[in-house]
>>> print(open('run16.cif').read())   # mmCIF, C-alpha atoms
data_start
#
loop_
_atom_site.label_atom_id
_atom_site.label_comp_id
_atom_site.auth_asym_id
_atom_site.auth_seq_id
_atom_site.Cartn_x
_atom_site.Cartn_y
_atom_site.Cartn_z
CA MET E 891 109.41 -30.73 120.83
CA ALA E 892 112.92 -31.04 122.24
CA THR E 893 113.66 -33.86 119.84
CA GLN E 894 112.53 -31.71 116.94
CA ALA E 895 115.00 -29.01 117.89
CA ALA E 896 117.75 -31.58 118.33
CA PHE E 897 116.94 -33.16 114.99
CA LEU E 898 117.08 -29.84 113.17
CA GLY E 899 120.23 -28.81 114.99
CA SER E 900 122.15 -31.95 114.25
CA THR E 901 121.41 -32.14 110.54
CA LEU E 902 122.86 -28.84 109.38
CA LEU E 903 126.08 -30.07 107.86
CA SER E 904 126.96 -28.45 104.59
CA PRO E 905 125.11 -25.95 102.45
CA LYS E 906 124.45 -28.59 99.77
CA LEU E 907 123.20 -31.30 102.10
CA ASP E 908 121.39 -28.65 104.07
CA SER E 909 118.75 -27.82 101.46
CA SER E 910 117.69 -31.43 100.82
CA LEU E 911 117.70 -32.25 104.50
CA ARG E 912 115.86 -29.04 105.15
CA ARG E 913 113.17 -30.18 102.73
CA SER E 914 112.79 -33.53 104.45
CA ASN E 915 112.92 -31.87 107.86
CA ARG E 916 110.07 -29.69 106.87
CA LEU E 917 107.97 -32.64 105.78
CA LYS E 918 108.58 -34.43 109.05
CA THR E 919 108.23 -31.54 111.43
CA ARG E 920 105.47 -29.51 109.81
CA ALA E 921 102.65 -29.09 112.27
CA GLN E 922 100.40 -27.37 109.76
CA VAL E 923 98.51 -29.13 107.00
CA ASP E 924 98.29 -27.36 103.65
CA PRO E 925 94.84 -26.16 102.54
CA SER E 926 93.12 -28.26 99.87
CA ASP E 927 93.95 -27.57 96.22
CA LYS E 928 90.29 -27.01 95.52
CA SER E 929 89.98 -24.23 98.09
CA VAL E 930 93.21 -22.61 96.97
CA GLU E 931 91.89 -22.52 93.42
CA ILE E 932 88.57 -21.05 94.56
CA MET E 933 90.28 -18.31 96.59
CA ARG E 934 92.73 -17.64 93.77
CA LYS E 935 89.88 -17.03 91.33
CA PHE E 936 88.05 -14.94 93.90
CA SER E 937 91.14 -12.78 94.51
CA GLU E 938 91.62 -12.11 90.79
CA GLN E 939 87.96 -11.25 90.27
CA TYR E 940 87.73 -9.04 93.33
CA ALA E 941 90.93 -7.17 92.52
CA ARG E 942 89.52 -6.39 89.06
CA LYS E 943 86.15 -5.43 90.46
CA SER E 944 87.57 -3.15 93.15
CA GLY E 945 90.32 -1.61 91.03
CA THR E 946 93.02 -2.85 93.39
CA TYR E 947 96.31 -4.60 92.68
CA PHE E 948 98.35 -7.41 94.15
CA CYS E 949 101.51 -6.77 96.15
CA VAL E 950 104.82 -6.30 94.29
CA ASP E 951 105.93 -9.30 96.34
CA LYS E 952 103.61 -12.04 95.09
CA GLY E 953 104.75 -14.17 98.02
CA VAL E 954 102.54 -12.06 100.26
CA THR E 955 99.58 -12.55 97.92
CA SER E 956 100.22 -16.31 97.79
CA VAL E 957 100.39 -16.71 101.56
CA VAL E 958 97.16 -14.78 102.09
CA ILE E 959 95.32 -16.79 99.40
CA LYS E 960 96.44 -19.99 101.11
CA GLY E 961 95.39 -18.56 104.46
CA LEU E 962 91.93 -17.81 103.12
CA ALA E 963 91.72 -21.33 101.65
CA ASP E 964 92.83 -22.80 104.97
CA HIS E 965 90.05 -21.02 106.86
CA LYS E 966 87.54 -21.96 104.19
CA ASP E 967 88.49 -25.60 104.74
CA SER E 968 88.46 -25.52 108.51
CA LEU E 969 85.68 -23.02 109.21
CA GLY E 970 83.55 -23.05 106.06
CA ALA E 971 84.26 -19.41 105.27
CA PRO E 972 87.40 -17.45 104.26
CA LEU E 973 88.02 -15.64 107.54
CA CYS E 974 90.80 -13.06 107.34
CA PRO E 975 94.11 -14.85 108.02
CA CYS E 976 95.85 -11.71 109.25
CA ARG E 977 94.02 -11.40 112.52
CA HIS E 978 94.02 -13.12 115.88
CA TYR E 979 90.63 -14.27 117.13
CA ASP E 980 89.22 -15.37 120.46
CA ASP E 981 86.59 -17.56 118.82
CA LYS E 982 86.96 -18.18 115.09
CA ALA E 983 83.61 -19.91 114.61
CA ALA E 984 81.80 -17.01 116.26
CA GLU E 985 83.62 -14.56 114.00
CA VAL E 986 82.59 -16.53 110.92
CA GLY E 987 78.99 -16.37 112.10
CA GLN E 988 79.25 -12.65 112.75
CA GLY E 989 80.74 -12.04 109.29
CA PHE E 990 82.70 -8.80 109.76
CA TRP E 991 86.04 -10.45 108.97
CA ASN E 992 84.90 -12.83 106.23
CA CYS E 993 86.82 -11.95 103.08
CA PRO E 994 86.03 -9.50 101.55
CA CYS E 995 85.84 -7.95 105.01
CA VAL E 996 83.86 -4.84 105.92
CA PRO E 997 86.90 -2.49 105.99
CA MET E 998 87.74 -3.65 102.46
CA ARG E 999 84.21 -3.38 101.16
CA GLU E 1000 83.67 0.06 102.71
CA ARG E 1001 87.10 1.71 102.48
CA LYS E 1002 89.26 -0.57 100.32
CA GLU E 1003 91.44 -1.21 103.38
CA CYS E 1004 93.13 -4.59 103.24
CA HIS E 1005 95.78 -4.96 105.96
CA CYS E 1006 96.64 -8.43 104.57
CA MET E 1007 98.18 -6.61 101.64
CA LEU E 1008 96.11 -8.77 99.30
CA PHE E 1009 94.14 -5.96 97.62
CA LEU E 1010 96.17 -2.76 97.37
CA THR E 1011 95.01 0.58 96.02
CA PRO E 1012 97.30 1.97 93.27
CA ASP E 1013 98.67 4.69 95.57
CA ASN E 1014 99.98 2.11 98.06
CA ASP E 1015 103.80 1.82 98.19
CA PHE E 1016 103.58 -1.98 98.00
CA ALA E 1017 101.08 -2.14 95.11
CA GLY E 1018 102.27 -3.85 91.94
CA GLN E 1019 100.74 -3.68 88.48
CA GLU E 1020 99.09 -7.07 88.39
CA GLN E 1021 95.62 -8.33 89.11
CA THR E 1022 96.39 -11.92 88.24
CA ILE E 1023 98.23 -14.76 89.92
CA THR E 1024 98.67 -18.33 88.74
CA LEU E 1025 98.43 -21.50 90.79
CA ASP E 1026 102.08 -22.18 89.97
CA GLU E 1027 103.10 -18.82 91.39
CA ILE E 1028 101.23 -19.62 94.59
CA LYS E 1029 102.75 -23.08 94.92
CA GLU E 1030 106.27 -21.82 94.28
CA ALA E 1031 106.01 -18.92 96.68
CA THR E 1032 104.66 -21.05 99.50
CA SER E 1033 106.79 -24.13 98.95
CA LYS E 1034 109.25 -23.04 101.61
CA LEU E 1035 106.69 -22.51 104.32
CA MET R 1385 130.41 -32.77 112.49
CA ALA R 1386 127.25 -31.91 114.40
CA ILE R 1387 126.61 -28.26 114.91
CA SER R 1388 124.51 -26.82 117.63
CA SER R 1389 122.39 -24.49 115.60
CA SER R 1390 119.09 -23.29 116.89
CA THR R 1391 115.85 -21.75 115.84
CA ALA R 1392 114.20 -18.56 117.02
CA SER R 1393 112.68 -18.85 120.44
CA LEU R 1394 109.07 -19.87 121.00
CA ASN R 1395 108.76 -20.67 117.32
CA LEU R 1396 110.13 -23.31 115.03
CA THR R 1397 111.06 -21.18 112.05
CA ARG R 1398 113.31 -22.47 109.34
CA PRO R 1399 116.87 -22.80 110.55
CA ILE R 1400 118.56 -19.46 110.27
CA GLY R 1401 122.11 -20.65 110.09
CA SER R 1402 125.01 -22.02 111.97
CA VAL R 1403 128.69 -21.55 112.38
CA LEU R 1404 130.81 -24.38 111.04
CA PRO R 1405 134.19 -24.97 112.58
CA SER R 1406 136.79 -24.14 110.00
CA PRO R 1407 140.15 -25.69 110.82
CA LYS R 1408 142.85 -23.29 109.80
CA PHE R 1409 144.91 -25.77 107.86
CA LEU R 1410 141.95 -26.78 105.69
CA ALA R 1411 141.10 -23.17 104.92
CA VAL R 1412 144.62 -22.40 103.79
CA HIS R 1413 144.71 -25.59 101.79
CA SER R 1414 141.53 -24.82 99.89
CA LEU R 1415 142.81 -21.38 98.90
CA GLN R 1416 146.13 -22.56 97.60
CA HIS R 1417 145.50 -25.87 95.90
CA ARG R 1418 142.95 -25.13 93.25
CA SER R 1419 144.69 -27.57 90.93
CA SER R 1420 143.07 -30.55 92.62
CA PRO R 1421 139.39 -29.91 91.92
CA ALA R 1422 137.96 -33.01 93.61
CA ARG R 1423 139.63 -32.22 96.89
CA PHE R 1424 138.73 -28.56 96.62
CA ARG R 1425 135.11 -29.47 96.03
CA ARG R 1426 135.12 -31.67 99.12
CA LEU R 1427 136.68 -28.91 101.17
CA ALA R 1428 134.29 -26.34 99.71
CA ALA R 1429 131.43 -28.50 100.84
CA VAL R 1430 132.77 -28.55 104.38
CA ILE R 1431 133.64 -24.90 104.64
CA PRO R 1432 130.76 -22.57 103.87
CA ARG R 1433 131.58 -19.85 101.42
CA ARG R 1434 129.70 -17.28 103.36
CA THR R 1435 129.91 -16.95 107.11
CA VAL R 1436 126.65 -17.10 108.92
CA THR R 1437 126.23 -16.08 112.47
CA ARG R 1438 124.77 -18.40 114.99
CA ILE R 1439 121.64 -17.01 116.50
CA GLU R 1440 121.34 -17.96 120.12
CA ALA R 1441 117.87 -18.95 121.05
CA THR R 1442 116.08 -21.55 123.02
CA LYS R 1443 112.85 -23.34 122.58
CA GLN R 1444 110.63 -22.47 125.44
CA THR R 1445 107.16 -23.31 126.66
CA PHE R 1446 104.32 -20.90 127.35
CA ASN R 1447 105.09 -20.47 131.05
CA SER R 1448 108.46 -19.11 130.16
CA PHE R 1449 107.30 -16.15 128.14
CA ASP R 1450 106.95 -14.05 131.27
CA GLU R 1451 110.20 -15.55 132.49
CA LEU R 1452 111.83 -14.68 129.17
CA LEU R 1453 110.74 -11.08 129.53
CA GLU R 1454 111.86 -10.99 133.14
CA LYS R 1455 115.25 -12.52 132.57
CA SER R 1456 116.17 -10.67 129.40
CA ASP R 1457 119.00 -8.22 129.93
CA LYS R 1458 117.95 -6.26 126.83
CA PRO R 1459 114.65 -4.83 125.64
CA VAL R 1460 112.63 -7.41 123.72
CA LEU R 1461 110.96 -6.89 120.35
CA VAL R 1462 108.11 -9.37 120.10
CA ASP R 1463 106.51 -10.24 116.76
CA PHE R 1464 103.04 -11.78 117.05
CA TYR R 1465 102.38 -13.62 113.80
CA ALA R 1466 100.50 -16.44 112.09
CA THR R 1467 101.70 -18.87 109.43
CA TRP R 1468 99.20 -17.88 106.76
CA CYS R 1469 99.41 -14.14 107.34
CA GLY R 1470 101.06 -12.60 104.26
CA PRO R 1471 102.56 -9.49 105.85
CA CYS R 1472 103.93 -11.65 108.72
CA GLN R 1473 105.86 -13.79 106.25
CA PHE R 1474 107.03 -10.63 104.51
CA MET R 1475 108.58 -9.61 107.85
CA VAL R 1476 110.66 -12.79 108.26
CA PRO R 1477 113.77 -11.56 106.38
CA VAL R 1478 113.21 -8.03 107.68
CA LEU R 1479 113.35 -9.28 111.27
CA GLU R 1480 116.49 -11.28 110.54
CA GLU R 1481 118.17 -8.16 109.22
CA VAL R 1482 116.97 -5.97 112.07
CA GLY R 1483 117.85 -8.62 114.65
CA GLU R 1484 121.35 -8.75 113.29
CA LYS R 1485 121.83 -4.99 113.03
CA LEU R 1486 120.45 -4.29 116.51
CA LYS R 1487 121.67 -7.44 118.18
CA ASP R 1488 123.34 -5.57 121.04
CA LYS R 1489 120.33 -3.40 121.70
CA VAL R 1490 117.33 -5.66 121.45
CA GLN R 1491 116.33 -9.32 121.49
CA VAL R 1492 113.88 -10.46 118.82
CA VAL R 1493 111.23 -12.99 119.78
CA LYS R 1494 108.51 -14.39 117.52
CA ILE R 1495 105.26 -15.80 118.82
CA ASP R 1496 102.96 -17.95 116.74
CA THR R 1497 99.54 -16.72 117.82
CA GLU R 1498 97.91 -19.96 116.75
CA LYS R 1499 100.18 -22.01 118.98
CA TYR R 1500 100.33 -19.60 121.89
CA VAL R 1501 96.76 -18.39 121.93
CA ASN R 1502 96.86 -17.43 125.63
CA ILE R 1503 99.82 -15.11 125.22
CA ALA R 1504 98.14 -13.47 122.20
CA ASN R 1505 94.92 -13.03 124.19
CA LYS R 1506 96.77 -11.65 127.19
CA TYR R 1507 98.20 -8.82 125.13
CA GLY R 1508 94.98 -8.17 123.22
CA ILE R 1509 96.45 -9.00 119.83
CA GLN R 1510 94.07 -8.33 116.95
CA ALA R 1511 95.68 -7.44 113.64
CA LEU R 1512 98.72 -9.40 112.51
CA PRO R 1513 101.57 -8.77 112.56
CA THR R 1514 101.62 -6.86 115.84
CA PHE R 1515 104.93 -5.78 117.30
CA ILE R 1516 105.36 -5.00 120.98
CA ILE R 1517 108.59 -3.66 122.43
CA PHE R 1518 109.09 -4.69 126.04
CA LYS R 1519 111.39 -2.78 128.36
CA ASP R 1520 111.99 -4.22 131.83
CA GLY R 1521 109.27 -6.75 131.15
CA LYS R 1522 106.62 -4.13 130.37
CA PRO R 1523 105.22 -3.13 126.95
CA CYS R 1524 106.52 0.30 126.04
CA ASP R 1525 105.61 0.57 122.37
CA ARG R 1526 103.17 -1.24 120.12
CA PHE R 1527 102.39 -1.12 116.41
CA GLU R 1528 100.74 -3.21 113.71
CA GLY R 1529 101.46 -4.01 110.11
CA ALA R 1530 104.47 -4.75 107.95
CA LEU R 1531 107.29 -2.28 107.58
CA THR R 1532 110.69 -2.12 105.91
CA ALA R 1533 113.88 -2.83 107.83
CA ASN R 1534 114.79 0.85 108.02
CA GLN R 1535 111.37 1.83 109.28
CA LEU R 1536 111.50 -0.90 111.91
CA ILE R 1537 114.99 0.06 113.05
CA GLN R 1538 113.89 3.67 113.34
CA ARG R 1539 110.85 2.72 115.38
CA VAL R 1540 112.81 0.46 117.74
CA GLU R 1541 115.56 3.02 118.31
CA GLU R 1542 112.99 5.70 119.07
CA ALA R 1543 111.28 3.45 121.60
CA LEU R 1544 114.58 2.62 123.26
CA LYS R 1545 115.52 6.27 123.55
CA VAL R 1546 112.37 7.25 125.43
CA ALA R 1547 112.48 7.22 129.25
CA GLN R 1548 115.93 5.74 129.71
#
>>> encode(input="run16.cif", output="structure tokens")
Amino acid sequence: MATQAAFLGSTLLSPKLDSSLRRSNRLKTRAQVDPSDKSVEIMRKFSEQYARKSGTYFCVDKGVTSVVIKGLADHKDSLGAPLCPCRHYDDKAAEVGQGFWNCPCVPMRERKECHCMLFLTPDNDFAGQEQTITLDEIKEATSKL
Amino acid sequence: MAISSSTASLNLTRPIGSVLPSPKFLAVHSLQHRSSPARFRRLAAVIPRRTVTRIEATKQTFNSFDELLEKSDKPVLVDFYATWCGPCQFMVPVLEEVGEKLKDKVQVVKIDTEKYVNIANKYGIQALPTFIIFKDGKPCDRFEGALTANQLIQRVEEALKVAQ
């Protein structure tokens, strides 16, 4: 860990060099693996369909939408079900079995409450006008993570 | 020209920025001699156009979270987050702005709840993001969800005012 910090610290030279080094830093030091393309596509389609069905809209900042879709895909890959990525759990597997927080979660199904800011009712300050998002948008928005 | 830049504590976020030494004679030179473009370009690459402030932070292990709270001379605003939580990522630039604006009043700390599960459990974190303001090592305010910079500043200042 200390070497990581030292590596990052010592490579910030100039703004121009910085961005390319930053990219390679990220590849080397990333602890997280990206969710599979297949799962991302499945959750993307699900999000579009469910937004239409529930009359909700994506966030004005599509970056938020993209991150949540990837989070759902990540849980789908690792746990078998799209557990809500915006919560902390004691035991994720148990939660998946229980089902309350599997997307679409109970608060969303019952009261259209999505604290992930994925599905927003039109009266929400952060709600945009769109119910669609492309794979390219998702990839672009999450490329810096 | 190695710079000691650093990342936010207890979390390896993307580098926020660093201060580059800017020798006075080079700075003056770059302003006056625009007629030699190659040299100016080289100088421009060395001297950043915008100044960025160095954010002092250290990388610490779990055991030090309590120590961090204990040893901090200012109240601490802790952001409990996860990588794939949309609203948490939304808060990244907001926290940078707030951290800068309130840098004399509060220290901002970010905790990755997937890495530091025990800390998250200890404070009963459920929804993400959760913000806890610690004064004298004890939680004094707690709220969940994303907010704008102004809303966050307001909330922090209110919490700091109470029970001085």
>>> resolve_selection(input="run16.cif", expression="the PyMOL selection byres ((chain R and resi 1473) around 12)", output="ChimeraX atom specification")
/E:951-958,961,975-976,1006-1007,1031-1032,1034-1035 /R:1397-1398,1463-1472,1474-1480,1494,1496,1512-1513,1529-1531
>>> closest_residue(input="run16.cif", among="R:Val1540, R:Thr1514, R:Ile1509, R:Cys1524", to="chain E", atoms="all atoms listed in the file")
R:Ile1509
>>> residues_around(input="run16.cif", residues="R:Glu1454", least_positions_apart="4", cutoff="10 Å", atoms="all atoms listed in the file", output="list in words")
Ser1448, Phe1449, Asp1450, Lys1458, Phe1518, Lys1519, Asp1520, Gly1521 and Lys1522 of chain R
>>> residues_around(input="run16.cif", residues="stretch 1011-1027 of chain E", least_positions_apart="5", cutoff="6 Å", atoms="only C-alpha atoms", output="PyMOL selection string")
chain E and resi 938+941+946-950
>>> atom_distance(input="run16.cif", atom1="atom CA of E:Lys1029", atom2="atom CA of E:Cys993")
21.1 Å
>>> resolve_selection(input="run16.cif", expression="the PyMOL selection byres ((chain E and resi 927) around 12)", output="PyMOL selection string")
chain E and resi 923-926+928-934+959-960+963-964+966-967+1025-1026+1028-1029
>>> atom_distance(input="run16.cif", atom1="atom CA of R:Phe1515", atom2="atom CA of R:Phe1527")
5.4 Å
>>> atom_distance(input="run16.cif", atom1="atom CA of R:Ile1537", atom2="atom CA of E:His978")
24.9 Å
>>> closest_residue(input="run16.cif", among="E:Arg1001, E:Val996, E:Tyr979, E:Gly970", to="chain R", atoms="all atoms listed in the file")
E:Tyr979
>>> closest_residue(input="run16.cif", among="R:Lys1499, R:Lys1489, R:Lys1545, R:Arg1539", to="chain E", atoms="only C-alpha atoms")
R:Lys1499
>>> closest_residue(input="run16.cif", among="R:Ala1511, R:Leu1453, R:Leu1461, R:Val1501", to="chain E", atoms="only C-alpha atoms")
R:Ala1511
>>> resolve_selection(input="run16.cif", expression="the PyMOL selection byres ((chain E and resi 973) around 8)", output="list of chain:residue names")
E:Leu962, E:His965, E:Lys966, E:Leu969, E:Ala971, E:Pro972, E:Cys974, E:Pro975, E:Glu985, E:Val986, E:Trp991, E:Asn992, E:Cys993
